[in-house]
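A.B. asks: Next comes entry12.tsv, TSV, C-alpha atoms:
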chain	number	residue	atom	x	y	z
A	1	MET	CA	11.13	-18.26	-35.99
A	2	MET	CA	7.97	-19.90	-37.33
A	3	GLU	CA	5.25	-17.45	-38.32
A	4	VAL	CA	1.58	-18.23	-37.68
A	5	LYS	CA	-0.75	-16.70	-40.24
A	6	GLU	CA	-4.40	-15.82	-39.61
A	7	GLU	CA	-6.58	-18.38	-41.36
A	8	GLY	CA	-9.93	-20.03	-40.79
A	9	PRO	CA	-12.32	-19.44	-37.93
A	10	SER	CA	-10.20	-20.59	-34.98
A	11	PRO	CA	-8.34	-17.81	-33.17
A	12	LEU	CA	-4.60	-17.44	-33.62
A	13	GLU	CA	-4.05	-18.43	-30.01
A	14	ASN	CA	-5.67	-21.77	-30.52
A	15	ARG	CA	-3.51	-22.55	-33.52
A	16	VAL	CA	-0.36	-21.42	-31.73
A	17	LEU	CA	-1.09	-23.60	-28.71
A	18	ARG	CA	-1.91	-26.59	-30.86
A	19	ALA	CA	1.29	-26.12	-32.85
A	20	ARG	CA	3.21	-25.82	-29.60
A	21	ALA	CA	1.55	-28.92	-28.12
A	22	ARG	CA	2.48	-30.91	-31.26
A	23	GLY	CA	6.07	-29.71	-30.96
A	24	GLU	CA	5.86	-27.76	-34.22
A	25	MET	CA	6.74	-24.48	-32.51
A	26	SER	CA	9.34	-23.67	-29.90
A	27	ALA	CA	8.18	-22.22	-26.58
A	28	ASP	CA	9.84	-18.90	-27.45
A	29	ALA	CA	8.27	-18.70	-30.92
A	30	ALA	CA	4.85	-19.48	-29.49
A	31	PHE	CA	5.34	-16.93	-26.73
A	32	GLU	CA	6.38	-14.25	-29.21
A	33	ALA	CA	3.33	-14.92	-31.42
A	34	LEU	CA	1.03	-14.62	-28.40
A	35	PHE	CA	2.79	-11.46	-27.24
A	36	ARG	CA	2.30	-9.84	-30.66
A	37	GLU	CA	-1.34	-10.95	-30.72
A	38	TYR	CA	-2.31	-9.70	-27.27
A	39	ARG	CA	0.07	-6.91	-26.31
A	40	ARG	CA	-2.44	-4.18	-27.23
A	41	ILE	CA	-5.26	-5.87	-25.37
A	42	VAL	CA	-3.12	-6.24	-22.25
A	43	ALA	CA	-2.05	-2.59	-22.38
A	44	SER	CA	-5.65	-1.48	-22.96
A	45	TRP	CA	-6.99	-3.55	-20.08
A	46	LEU	CA	-4.41	-1.93	-17.85
A	47	ALA	CA	-5.01	1.56	-19.25
A	48	VAL	CA	-8.64	1.36	-18.16
A	49	ARG	CA	-7.69	0.20	-14.67
A	50	VAL	CA	-4.63	2.26	-13.71
A	51	ASP	CA	-2.98	5.63	-14.34
A	52	SER	CA	-1.49	5.83	-17.81
A	53	GLY	CA	2.00	6.48	-16.45
A	54	SER	CA	2.09	2.98	-14.97
A	55	VAL	CA	0.79	1.00	-17.95
A	56	ASP	CA	4.17	0.12	-19.49
A	57	ASP	CA	5.69	-1.16	-16.26
A	58	LEU	CA	2.61	-3.15	-15.34
A	59	ALA	CA	2.30	-4.60	-18.83
A	60	GLN	CA	5.86	-5.83	-18.47
A	61	ASP	CA	4.92	-7.46	-15.16
A	62	VAL	CA	1.98	-9.21	-16.82
A	63	TRP	CA	4.15	-10.51	-19.66
A	64	LEU	CA	6.93	-11.64	-17.34
A	65	ILE	CA	4.44	-13.56	-15.22
A	66	PHE	CA	3.03	-15.17	-18.34
A	67	TYR	CA	6.51	-15.90	-19.66
A	68	GLY	CA	7.36	-17.80	-16.47
A	69	ARG	CA	4.10	-19.69	-16.61
A	70	PHE	CA	4.22	-20.50	-20.32
A	71	ARG	CA	7.42	-22.51	-19.86
A	72	ARG	CA	5.33	-25.06	-17.93
A	73	TRP	CA	2.03	-24.56	-19.74
A	74	GLU	CA	-0.32	-27.53	-19.59
A	75	PHE	CA	-2.38	-28.06	-22.70
A	76	GLY	CA	-5.63	-29.01	-21.00
A	77	THR	CA	-8.96	-30.34	-22.20
A	78	GLU	CA	-10.17	-26.84	-23.01
A	79	MET	CA	-7.95	-27.04	-26.10
A	80	GLU	CA	-10.46	-29.46	-27.59
A	81	SER	CA	-12.67	-26.47	-28.32
A	82	ALA	CA	-11.52	-24.53	-31.40
A	83	GLU	CA	-12.64	-21.26	-29.78
A	84	ALA	CA	-10.76	-21.81	-26.52
A	85	ARG	CA	-8.34	-19.07	-25.54
A	86	PRO	CA	-6.84	-20.06	-22.21
A	87	VAL	CA	-3.94	-17.68	-22.68
A	88	LEU	CA	-6.25	-14.70	-23.14
A	89	SER	CA	-8.12	-15.79	-20.02
A	90	PHE	CA	-4.85	-16.11	-18.12
A	91	LEU	CA	-3.69	-12.66	-19.26
A	92	PHE	CA	-7.05	-11.21	-18.28
A	93	ARG	CA	-6.76	-12.59	-14.76
A	94	THR	CA	-3.13	-11.55	-14.47
A	95	CYS	CA	-3.99	-7.98	-15.49
A	96	GLN	CA	-6.56	-7.98	-12.70
A	97	PHE	CA	-4.07	-9.19	-10.12
A	98	VAL	CA	-1.32	-6.87	-11.30
A	99	ALA	CA	-3.69	-3.89	-11.19
A	100	ARG	CA	-4.73	-4.88	-7.66
A	101	GLY	CA	-1.09	-5.22	-6.62
A	102	HIS	CA	-0.33	-1.83	-8.11
A	103	GLN	CA	-3.26	-0.24	-6.29
A	104	ARG	CA	-2.27	-1.86	-3.02
A	105	LEU	CA	1.24	-0.51	-3.39
A	106	ALA	CA	-0.04	2.92	-4.41
A	107	ARG	CA	-2.22	3.09	-1.30
A	108	SER	CA	0.80	2.47	0.89
A	109	ARG	CA	2.90	5.03	-1.00
A	110	ARG	CA	0.50	7.95	-0.80
A	111	SER	CA	3.27	10.08	0.62
A	112	ASP	CA	5.34	9.70	-2.56
A	113	PRO	CA	5.81	13.02	-4.33
A	114	LEU	CA	3.23	13.52	-7.03
A	115	GLU	CA	5.95	14.75	-9.37
A	116	LYS	CA	7.16	11.18	-9.84
A	117	VAL	CA	3.83	10.19	-11.31
A	118	GLU	CA	3.74	13.33	-13.42
A	119	GLU	CA	7.24	12.67	-14.72
A	120	LYS	CA	6.22	9.19	-15.80
A	121	VAL	CA	3.09	10.51	-17.48
A	122	ALA	CA	5.08	13.18	-19.32
A	123	ALA	CA	7.55	10.55	-20.53
A	124	ARG	CA	4.81	8.80	-22.50
A	125	GLY	CA	4.14	11.95	-24.54
A	126	PRO	CA	1.09	14.20	-24.46
A	127	ASP	CA	-0.21	13.11	-27.87
A	128	THR	CA	-0.42	9.48	-26.89
A	129	LEU	CA	-2.16	10.35	-23.66
A	130	LEU	CA	-4.66	12.60	-25.35
A	131	ARG	CA	-5.51	9.94	-27.90
A	132	GLU	CA	-6.00	7.39	-25.16
A	133	LEU	CA	-8.15	9.69	-23.04
A	134	ASP	CA	-10.22	10.89	-25.94
A	135	ALA	CA	-10.80	7.34	-27.06
A	136	ALA	CA	-12.02	6.17	-23.72
A	137	LYS	CA	-14.70	8.47	-22.28
A	138	ALA	CA	-17.26	5.78	-21.55
A	139	LEU	CA	-14.53	3.36	-20.54
A	140	SER	CA	-13.16	5.94	-18.16
A	141	LEU	CA	-16.66	6.44	-16.78
A	142	ALA	CA	-16.97	2.67	-16.38
A	143	ARG	CA	-13.82	2.63	-14.29
A	144	ARG	CA	-15.23	5.35	-12.04
A	145	VAL	CA	-18.78	4.10	-11.56
A	146	CYS	CA	-18.74	0.33	-11.95
A	147	PRO	CA	-17.82	-1.95	-9.05
A	148	GLU	CA	-14.68	-3.98	-9.76
A	149	GLU	CA	-16.59	-7.19	-10.48
A	150	GLU	CA	-18.69	-5.46	-13.15
A	151	LEU	CA	-15.65	-3.76	-14.67
A	152	ASP	CA	-13.91	-7.15	-14.88
A	153	VAL	CA	-16.75	-8.62	-16.90
A	154	LEU	CA	-17.06	-5.54	-19.09
A	155	LEU	CA	-13.37	-5.53	-20.02
A	156	ALA	CA	-13.31	-9.23	-20.69
A	157	LYS	CA	-16.34	-9.05	-22.96
A	158	LEU	CA	-14.95	-6.03	-24.82
A	159	ALA	CA	-11.83	-8.02	-25.60
A	160	GLY	CA	-14.01	-10.70	-27.15
A	161	MET	CA	-13.96	-13.29	-24.41
A	162	SER	CA	-17.04	-15.49	-24.40
A	163	ALA	CA	-19.31	-15.66	-21.34
A	164	ARG	CA	-17.99	-19.16	-20.78
A	165	GLU	CA	-14.36	-18.02	-20.79
A	166	VAL	CA	-15.15	-15.12	-18.47
A	167	ALA	CA	-17.09	-17.39	-16.12
A	168	ARG	CA	-14.23	-19.86	-15.94
A	169	SER	CA	-11.65	-17.12	-15.39
A	170	LEU	CA	-13.59	-15.51	-12.57
A	171	SER	CA	-14.92	-18.75	-11.03
A	172	ILE	CA	-18.51	-17.63	-11.46
A	173	THR	CA	-21.44	-18.92	-13.53
A	174	GLU	CA	-22.29	-17.71	-17.02
A	175	ALA	CA	-25.57	-16.36	-15.62
A	176	VAL	CA	-23.63	-14.17	-13.19
A	177	VAL	CA	-21.40	-12.97	-16.05
A	178	ASP	CA	-24.48	-11.95	-18.01
A	179	HIS	CA	-26.03	-10.30	-14.98
A	180	ARG	CA	-22.92	-8.25	-14.20
A	181	TYR	CA	-22.57	-7.22	-17.83
A	182	ARG	CA	-26.13	-5.96	-17.99
A	183	ASP	CA	-25.79	-4.20	-14.64
A	184	ALA	CA	-22.65	-2.43	-15.86
A	185	LEU	CA	-24.37	-1.27	-19.04
A	186	ALA	CA	-27.44	-0.11	-17.12
A	187	ARG	CA	-25.23	1.80	-14.70
A	188	LEU	CA	-23.36	3.48	-17.55
A	189	ARG	CA	-26.57	4.28	-19.39
A	190	SER	CA	-28.01	6.07	-16.37
A	191	LYS	CA	-24.80	8.02	-15.72
A	192	LEU	CA	-24.41	9.03	-19.36
A	193	LYS	CA	-28.00	10.25	-19.43
A	194	VAL	CA	-27.47	12.34	-16.30
A	195	GLY	CA	-24.28	13.76	-17.76
A	196	SER	CA	-25.69	14.58	-21.23
B	1	MET	CA	-33.62	18.69	-25.87
B	2	THR	CA	-35.40	15.37	-26.23
B	3	GLU	CA	-34.27	12.68	-23.86
B	4	ARG	CA	-32.25	10.03	-25.58
B	5	LYS	CA	-33.34	6.63	-24.45
B	6	ASP	CA	-30.17	4.59	-24.85
B	7	MET	CA	-30.78	0.90	-24.89
B	8	PRO	CA	-28.16	-1.31	-23.24
B	9	GLU	CA	-27.20	-2.47	-26.75
B	10	GLU	CA	-26.39	1.12	-27.76
B	11	ILE	CA	-24.20	1.61	-24.71
B	12	GLY	CA	-22.56	-1.70	-25.51
B	13	ALA	CA	-21.91	-0.59	-29.09
B	14	ARG	CA	-20.45	2.69	-27.90
B	15	LEU	CA	-18.15	0.91	-25.50
B	16	GLU	CA	-17.04	-1.44	-28.24
B	17	LEU	CA	-16.27	1.50	-30.50
B	18	GLU	CA	-14.24	3.16	-27.76
B	19	TRP	CA	-12.48	-0.10	-26.97
B	20	ARG	CA	-11.45	-0.51	-30.63
B	21	SER	CA	-10.19	3.08	-30.70
B	22	LEU	CA	-8.21	2.45	-27.55
B	23	LEU	CA	-6.68	-0.68	-29.04
B	24	GLU	CA	-5.58	1.29	-32.09
B	25	ALA	CA	-4.25	4.27	-30.14
B	26	ILE	CA	-2.61	2.58	-27.19
B	27	ALA	CA	1.15	2.74	-27.03
B	28	ALA	CA	1.60	-0.91	-26.05
B	29	PRO	CA	5.16	-1.89	-25.18
B	30	GLU	CA	6.96	-3.35	-28.22
B	31	ARG	CA	9.59	-5.22	-26.25
B	32	SER	CA	8.69	-8.69	-25.18
B	33	PRO	CA	10.40	-10.51	-22.29
B	34	LEU	CA	12.40	-12.35	-24.94
B	35	ASP	CA	14.19	-9.06	-25.66
B	36	LEU	CA	15.46	-9.01	-22.07
B	37	PRO	CA	18.60	-10.85	-20.97
B	38	PRO	CA	17.61	-14.31	-19.61
B	39	ASP	CA	18.48	-13.36	-16.02
B	40	ARG	CA	15.95	-10.52	-16.13
B	41	ARG	CA	13.01	-12.63	-17.28
B	42	MET	CA	11.83	-13.39	-13.75
B	43	ALA	CA	8.66	-11.62	-12.60
B	44	VAL	CA	9.85	-10.40	-9.22
B	45	SER	CA	8.94	-6.74	-9.17
B	46	ARG	CA	7.02	-5.82	-6.06
B	47	VAL	CA	3.80	-5.55	-8.07
B	48	ALA	CA	4.42	-8.93	-9.74
B	49	LEU	CA	4.94	-10.54	-6.33
B	50	LEU	CA	1.74	-9.00	-5.01
B	51	ALA	CA	-0.11	-10.15	-8.12
B	52	GLN	CA	1.12	-13.72	-7.70
B	53	LEU	CA	0.13	-13.75	-4.03
B	54	GLU	CA	-3.27	-12.36	-4.98
B	55	GLU	CA	-3.69	-15.12	-7.56
B	56	VAL	CA	-2.82	-17.75	-4.96
B	57	ARG	CA	-5.34	-16.34	-2.49
B	58	GLU	CA	-8.07	-16.29	-5.16
B	59	GLU	CA	-7.40	-19.90	-6.11
B	60	TRP	CA	-7.38	-20.87	-2.44
B	61	LYS	CA	-10.77	-19.21	-2.02
B	62	ALA	CA	-12.07	-21.09	-5.05
B	63	LEU	CA	-10.81	-24.39	-3.63
B	64	GLN	CA	-12.44	-23.65	-0.29
B	65	SER	CA	-15.81	-23.52	-2.02
B	66	LEU	CA	-15.17	-26.94	-3.61
B	67	VAL	CA	-13.80	-28.91	-0.66
B	68	ASP	CA	-16.09	-30.29	2.05
B	69	GLU	CA	-15.52	-32.70	4.92
B	70	GLU	CA	-16.17	-35.72	2.74
B	71	THR	CA	-13.84	-34.81	-0.13
B	72	SER	CA	-11.15	-33.63	2.30
B	73	GLY	CA	-10.87	-37.20	3.59
B	74	ARG	CA	-10.01	-38.62	0.14
B	75	PHE	CA	-6.40	-39.50	-0.50
B	76	ALA	CA	-4.50	-36.94	-2.56
B	77	ASN	CA	-1.40	-39.12	-2.79
B	78	ALA	CA	-0.07	-42.32	-1.24
B	79	ALA	CA	0.49	-40.74	2.17
B	80	TRP	CA	-1.79	-37.74	2.57
B	81	THR	CA	-5.49	-37.04	2.44
B	82	LEU	CA	-6.66	-33.86	0.76
B	83	LYS	CA	-6.98	-32.28	4.21
B	84	ASP	CA	-3.34	-33.20	4.92
B	85	LEU	CA	-2.28	-31.61	1.67
B	86	LEU	CA	-4.17	-28.44	2.56
B	87	ALA	CA	-2.50	-28.50	5.98
B	88	HIS	CA	0.85	-28.86	4.22
B	89	LEU	CA	0.15	-25.69	2.24
B	90	ALA	CA	-1.00	-23.87	5.39
B	91	SER	CA	2.16	-24.93	7.22
B	92	TRP	CA	4.36	-23.55	4.47
B	93	ALA	CA	2.34	-20.34	4.29
B	94	ARG	CA	3.07	-19.87	7.99
B	95	GLU	CA	6.73	-20.78	7.60
B	96	PHE	CA	7.26	-18.48	4.60
B	97	GLY	CA	5.41	-15.67	6.40
B	98	SER	CA	7.58	-16.11	9.45
B	99	GLU	CA	10.80	-16.28	7.42
B	100	ILE	CA	10.01	-13.17	5.39
B	101	ALA	CA	9.01	-11.29	8.55
B	102	THR	CA	12.35	-12.24	10.11
B	103	ALA	CA	14.23	-11.13	6.99
B	104	SER	CA	12.35	-7.82	6.92
B	105	ARG	CA	13.52	-7.16	10.49
B	106	LYS	CA	17.04	-7.96	9.24
B	107	GLU	CA	17.35	-10.73	11.81
B	108	SER	CA	19.02	-14.08	11.23
B	109	PHE	CA	17.65	-17.60	11.67
B	110	ASP	CA	18.63	-19.95	14.46
B	111	TYR	CA	17.30	-23.09	12.80
B	112	ALA	CA	17.58	-25.01	9.56
B	113	ILE	CA	15.07	-27.10	7.63
B	114	PRO	CA	16.84	-30.14	6.17
B	115	PHE	CA	15.99	-30.24	2.51
B	116	ALA	CA	17.30	-33.27	0.64
B	117	MET	CA	17.12	-32.42	-3.08
B	118	SER	CA	16.86	-36.09	-3.97
B	119	VAL	CA	13.46	-36.56	-2.29
B	120	LEU	CA	11.84	-33.36	-3.50
B	121	GLY	CA	11.31	-31.66	-0.21
B	122	PRO	CA	11.98	-31.62	3.51
B	123	ASN	CA	9.95	-34.76	4.22
B	124	GLU	CA	10.52	-34.88	7.96
B	125	TRP	CA	9.58	-31.24	8.47
B	126	ASN	CA	6.56	-31.61	6.19
B	127	GLU	CA	5.29	-34.65	8.06
B	128	ARG	CA	5.72	-33.05	11.46
B	129	GLU	CA	3.82	-29.93	10.39
B	130	VAL	CA	0.97	-31.92	8.83
B	131	GLN	CA	0.65	-34.09	11.95
B	132	SER	CA	0.53	-31.01	14.18
B	133	ARG	CA	-2.56	-29.86	12.27
B	134	LYS	CA	-4.46	-33.16	12.44
B	135	GLU	CA	-6.91	-31.90	15.04
B	136	ARG	CA	-7.69	-28.68	13.26
B	137	THR	CA	-10.89	-28.15	11.33
B	138	LEU	CA	-10.89	-27.55	7.61
B	139	GLU	CA	-12.01	-23.99	8.26
B	140	GLU	CA	-9.03	-23.37	10.55
B	141	ILE	CA	-6.66	-24.71	7.92
B	142	PHE	CA	-8.17	-22.57	5.18
B	143	ARG	CA	-8.03	-19.53	7.46
B	144	GLU	CA	-4.40	-20.10	8.43
B	145	PHE	CA	-3.23	-20.22	4.83
B	146	ASP	CA	-5.17	-17.13	3.83
B	147	GLU	CA	-4.10	-15.05	6.82
B	148	GLU	CA	-0.46	-16.00	6.37
B	149	THR	CA	-0.54	-15.24	2.64
B	150	ALA	CA	-2.20	-11.89	3.37
B	151	ARG	CA	0.60	-11.23	5.89
B	152	LEU	CA	3.12	-11.94	3.14
B	153	GLN	CA	1.41	-9.39	0.92
B	154	ASP	CA	1.75	-6.77	3.66
B	155	LEU	CA	5.41	-7.67	4.12
B	156	VAL	CA	6.10	-7.38	0.39
B	157	VAL	CA	4.57	-3.90	0.46
B	158	GLU	CA	6.53	-2.82	3.52
B	159	MET	CA	9.96	-4.35	2.96
B	160	GLU	CA	12.84	-2.07	2.10
B	161	GLU	CA	13.97	-2.44	-1.51
B	162	PRO	CA	17.54	-3.66	-0.76
B	163	VAL	CA	16.27	-6.22	1.76
B	164	LEU	CA	13.67	-7.60	-0.64
B	165	TYR	CA	16.24	-8.28	-3.36
B	166	GLN	CA	19.40	-9.06	-1.42
B	167	PRO	CA	20.22	-12.77	-0.95
B	168	ALA	CA	19.89	-13.91	2.66
B	169	PRO	CA	20.54	-17.33	4.23
B	170	PHE	CA	17.04	-18.66	4.84
B	171	PRO	CA	16.49	-21.89	6.86
B	172	LEU	CA	16.25	-24.29	3.91
B	173	ALA	CA	19.48	-26.27	4.00
B	174	PRO	CA	20.13	-29.22	1.67
B	175	SER	CA	22.34	-30.89	4.28
B	176	GLY	CA	20.41	-29.79	7.36
B	177	ASN	CA	23.52	-27.98	8.54
B	178	GLN	CA	22.74	-24.43	9.65
B	179	ARG	CA	25.96	-23.20	8.11
B	180	GLU	CA	25.11	-24.63	4.70
B	181	ARG	CA	21.87	-22.85	4.01
B	182	LEU	CA	20.94	-21.60	0.56
B	183	PRO	CA	21.19	-17.82	0.21
B	184	VAL	CA	18.07	-16.57	-1.58
B	185	PRO	CA	16.63	-13.08	-2.08
B	186	PRO	CA	13.31	-12.77	-0.18
B	187	ALA	CA	11.62	-11.81	-3.47
B	188	LEU	CA	12.58	-15.19	-4.96
B	189	LEU	CA	11.39	-16.98	-1.84
B	190	VAL	CA	7.96	-15.34	-2.20
B	191	SER	CA	7.90	-16.31	-5.86
B	192	GLY	CA	8.89	-19.85	-4.85
B	193	LYS	CA	6.04	-20.01	-2.33
B	194	CYS	CA	3.58	-19.14	-5.11
B	195	LEU	CA	5.13	-21.75	-7.40
B	196	HIS	CA	4.83	-24.38	-4.65
B	197	ASP	CA	1.19	-23.41	-3.99
B	198	ARG	CA	0.28	-23.55	-7.67
B	199	TYR	CA	1.94	-26.94	-8.04
B	200	HIS	CA	-0.27	-28.39	-5.32
B	201	PHE	CA	-3.35	-26.46	-6.45
B	202	ALA	CA	-3.07	-28.20	-9.81
B	203	GLN	CA	-2.91	-31.56	-8.04
B	204	ILE	CA	-5.97	-30.69	-5.95
B	205	ARG	CA	-7.91	-29.53	-9.02
B	206	LYS	CA	-7.14	-32.81	-10.77
B	207	LEU	CA	-8.24	-34.78	-7.72
B	208	LEU	CA	-11.49	-32.83	-7.47
B	209	ASP	CA	-12.13	-33.35	-11.20
B	210	ARG	CA	-11.61	-37.09	-10.74
B	211	LEU	CA	-14.01	-37.17	-7.79
B	212	ARG	CA	-16.67	-35.40	-9.84
B	213	GLU	CA	-16.48	-37.93	-12.68
Can you give me the file's structure in the form of structure tokens?
C.D. replies:
Amino acid sequence: MMEVKEEGPSPLENRVLRARARGEMSADAAFEALFREYRRIVASWLAVRVDSGSVDDLAQDVWLIFYGRFRRWEFGTEMESAEARPVLSFLFRTCQFVARGHQRLARSRRSDPLEKVEEKVAARGPDTLLRELDAAKALSLARRVCPEEELDVLLAKLAGMSAREVARSLSITEAVVDHRYRDALARLRSKLKVGS
Amino acid sequence: MTERKDMPEEIGARLELEWRSLLEAIAAPERSPLDLPPDRRMAVSRVALLAQLEEVREEWKALQSLVDEETSGRFANAAWTLKDLLAHLASWAREFGSEIATASRKESFDYAIPFAMSVLGPNEWNEREVQSRKERTLEEIFREFDEETARLQDLVVEMEEPVLYQPAPFPLAPSGNQRERLPVPPALLVSGKCLHDRYHFAQIRKLLDRLRE
């Protein structure tokens, strides 16, 4: 399997996609490189949105959806920009949809015994959970107090997506991205002040 | 205690710090889909199906904001205008919704849709459905697709697990003979609907890009 090393200013994704488009990498090798590059980001996006006991299963859903899509990936004009990361944008959107699907299902399964959820949480190990919770106080607050559209922008920006990439992913303008980001920060600032 | 006047930048920095900590601490799954046997690399869990239907509805909404009466009259291919193509998608949304609803009631089908593999689709059925929507407004067509896709989401949530994944003889029949229909699990049919939608969405996006140039 061909290895792609970090070099130069363009992100690894861009180099992987270019190599794939030129036929220098197999679809599987390119997929694996992207999986290694983004698996933590995907899990973290999900961890902020859903209960920690569901993150592994949902992450697998995200990667399976991407796997199916990557077989027919079209290398569009956005690849002309060295900074373009269409895969990261796609994963970001897919995490959103998967989280929504999960929440929809959870709403309809409210009668499920709570123990099932607790069992899943326990299976991940208390240390891991504590580290995650401790590391994400403001993020956890963001999930509670920010409307979904602000949380979307916040999570995308935290993962390093540019305003342009976020705007394209969410079908909104860059000005709206900026507006939502500032609103989210202002909302968090006021809540953190009240809580301190 | 003096009030701390956090600037948005400070909140942003704090979030970034927490985000980096989360990235380091998170127990992200190590196994990629490539570690699974090939037959298990399909995204057909209930959540994955709901996510794909959600994606389709979002893209449909985005297209609705880009298509007006004028653009909808432009030809999308040799036979159909853009409005016809949208009607085609709406007709299949209704058909898939109806088929999945029938399967969820564990009922069988009393009709077949002839599907000749060699011509990439049930042309006769497609044409009849598009023609039956000629008098509808764009808004009605957009609404039909969205309501039917939302109905599919509800069905995916409600369907019993064995029914969702057990192959059933749906109406699509390569020969047109009712007794020669393809058995497909409803979950795969839903996935196939999304694939079909995305295929045409890409065509519509390309057409709209061309019209903007």
A.B. asks: Residues of chain B no more than 6 Å from chain A, counting all atoms listed in the file: send them over as a JSON list (two decimals) with C-alpha atoms, keeping the file's coordinate frame.
C.D. replies:
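So result_22.json came out as:
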[["chain", "number", "residue", "atom", "x", "y", "z"],
["B", 8, "PRO", "CA", -28.16, -1.31, -23.24],
["B", 18, "GLU", "CA", -14.24, 3.16, -27.76],
["B", 21, "SER", "CA", -10.19, 3.08, -30.70],
["B", 22, "LEU", "CA", -8.21, 2.45, -27.55],
["B", 23, "LEU", "CA", -6.68, -0.68, -29.04],
["B", 28, "ALA", "CA", 1.60, -0.91, -26.05],
["B", 43, "ALA", "CA", 8.66, -11.62, -12.60],
["B", 47, "VAL", "CA", 3.80, -5.55, -8.07],
["B", 48, "ALA", "CA", 4.42, -8.93, -9.74],
["B", 50, "LEU", "CA", 1.74, -9.00, -5.01],
["B", 51, "ALA", "CA", -0.11, -10.15, -8.12]]
A.B. asks: Tell me which of A:Val176, A:Glu165, A:Lys191, A:Ala33 sits closest to A:Val145, counting all atoms listed in the file.
C.D. replies: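 The shortest atom-to-atom distance to A:Val145 comes from A:Lys191.
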A.B. asks: Quick one: distance from atom CA of B:Ala173 to atom CA of B:Phe115 in Å, one decimal?
C.D. replies: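 These two atoms are separated by 5.5 Å.
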A.B. asks: Report, in Å with one decimal, the straight-line distance from atom CA of B:Leu172 to atom CA of B:Arg94.
C.D. replies: 14.5 Å
A.B. asks: Around (-12.6, -27.4, 10.7), as given in the file, which residues come within 12 Å? Count all atoms listed in the file and list them as a list in words.
C.D. replies: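 Protein, DNA and RNA residues close to (-12.6, -27.4, 10.7): Gln64, Val67, Asp68, Glu69, Ser72, Lys83, Leu86, Ala87, Arg133, Lys134, Glu135, Arg136, Thr137, Leu138, Glu139, Glu140, Ile141, Phe142, Arg143 and Glu144 of chain B.
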A.B. asks: Please define a box with edges along x, y and z of the file around all atoms of stretch 138-151 of chain A given in the file, extend it by 6 Å on each side, and return its centre and edge lengths in Å to one decimal, as JSON.
C.D. replies:
{"center_x": -16.0, "center_y": -0.4, "center_z": -15.3, "size_x": 17.6, "size_y": 25.6, "size_z": 24.5}
A.B. asks: Report, in Å to a single decimal, how far apart atom CA of B:Tyr199 and atom CA of B:Met159 are.
C.D. replies: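 Distance between the two atoms: 26.4 Å.
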A.B. asks: Excluding B:Glu147 and its own-chain neighbours fewer than 5 positions away, which residues fall within 10 Å of it when counting only C-alpha atoms? Please give them as number ranges by chain.
C.D. replies: B: 57, 90, 93-94, 97, 142, 152-153
A.B. asks: Pick the closest to B:Ala202 from B:Leu49, B:Ile26, B:Leu164, B:Val56: which is it, counting only C-alpha atoms?
C.D. replies: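 Nearest candidate to B:Ala202 out of B:Leu49, B:Ile26, B:Leu164, B:Val56: B:Val56.
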A.B. asks: Counting all atoms listed in the file, which of B:Leu63, B:Leu207, B:Ala27, B:Leu89 gets nearest to B:Cys194?
C.D. replies: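 Under the stated criterion, the closest residue is B:Leu89.
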A.B. asks: With only C-alpha atoms as the counted atoms, please give the residues lying no more than 9 Å from stretch 11-17 of chain A, apart from itself and same-chain residues fewer than 5 positions off, as a ChimeraX atom specification.
C.D. replies: /A:4-6,22,25,30-31,33-34,37,75,79,81-88
A.B. asks: Taking (7.9, -22.3, 7.9) in the file's coordinates as the center, which residues reach within 10 Å of it, counting all atoms listed in the file, put as number ranges by chain?
C.D. replies: B: 90-100, 113, 125-126, 129, 171-172
A.B. asks: Do a neighbour search on B:Ser108 at 12 Å with all atoms listed in the file, toss out local chain neighbours closer than 2 positions, and write the hits as a tab-separated table (two decimals) with C-alpha atoms, keeping the file's coordinate frame.
C.D. replies:
chain	number	residue	atom	x	y	z
B	98	SER	CA	7.58	-16.11	9.45
B	99	GLU	CA	10.80	-16.28	7.42
B	100	ILE	CA	10.01	-13.17	5.39
B	101	ALA	CA	9.01	-11.29	8.55
B	102	THR	CA	12.35	-12.24	10.11
B	103	ALA	CA	14.23	-11.13	6.99
B	104	SER	CA	12.35	-7.82	6.92
B	105	ARG	CA	13.52	-7.16	10.49
B	106	LYS	CA	17.04	-7.96	9.24
B	110	ASP	CA	18.63	-19.95	14.46
B	111	TYR	CA	17.30	-23.09	12.80
B	112	ALA	CA	17.58	-25.01	9.56
B	168	ALA	CA	19.89	-13.91	2.66
B	169	PRO	CA	20.54	-17.33	4.23
B	170	PHE	CA	17.04	-18.66	4.84
B	171	PRO	CA	16.49	-21.89	6.86
B	178	GLN	CA	22.74	-24.43	9.65
B	179	ARG	CA	25.96	-23.20	8.11
B	181	ARG	CA	21.87	-22.85	4.01
B	183	PRO	CA	21.19	-17.82	0.21
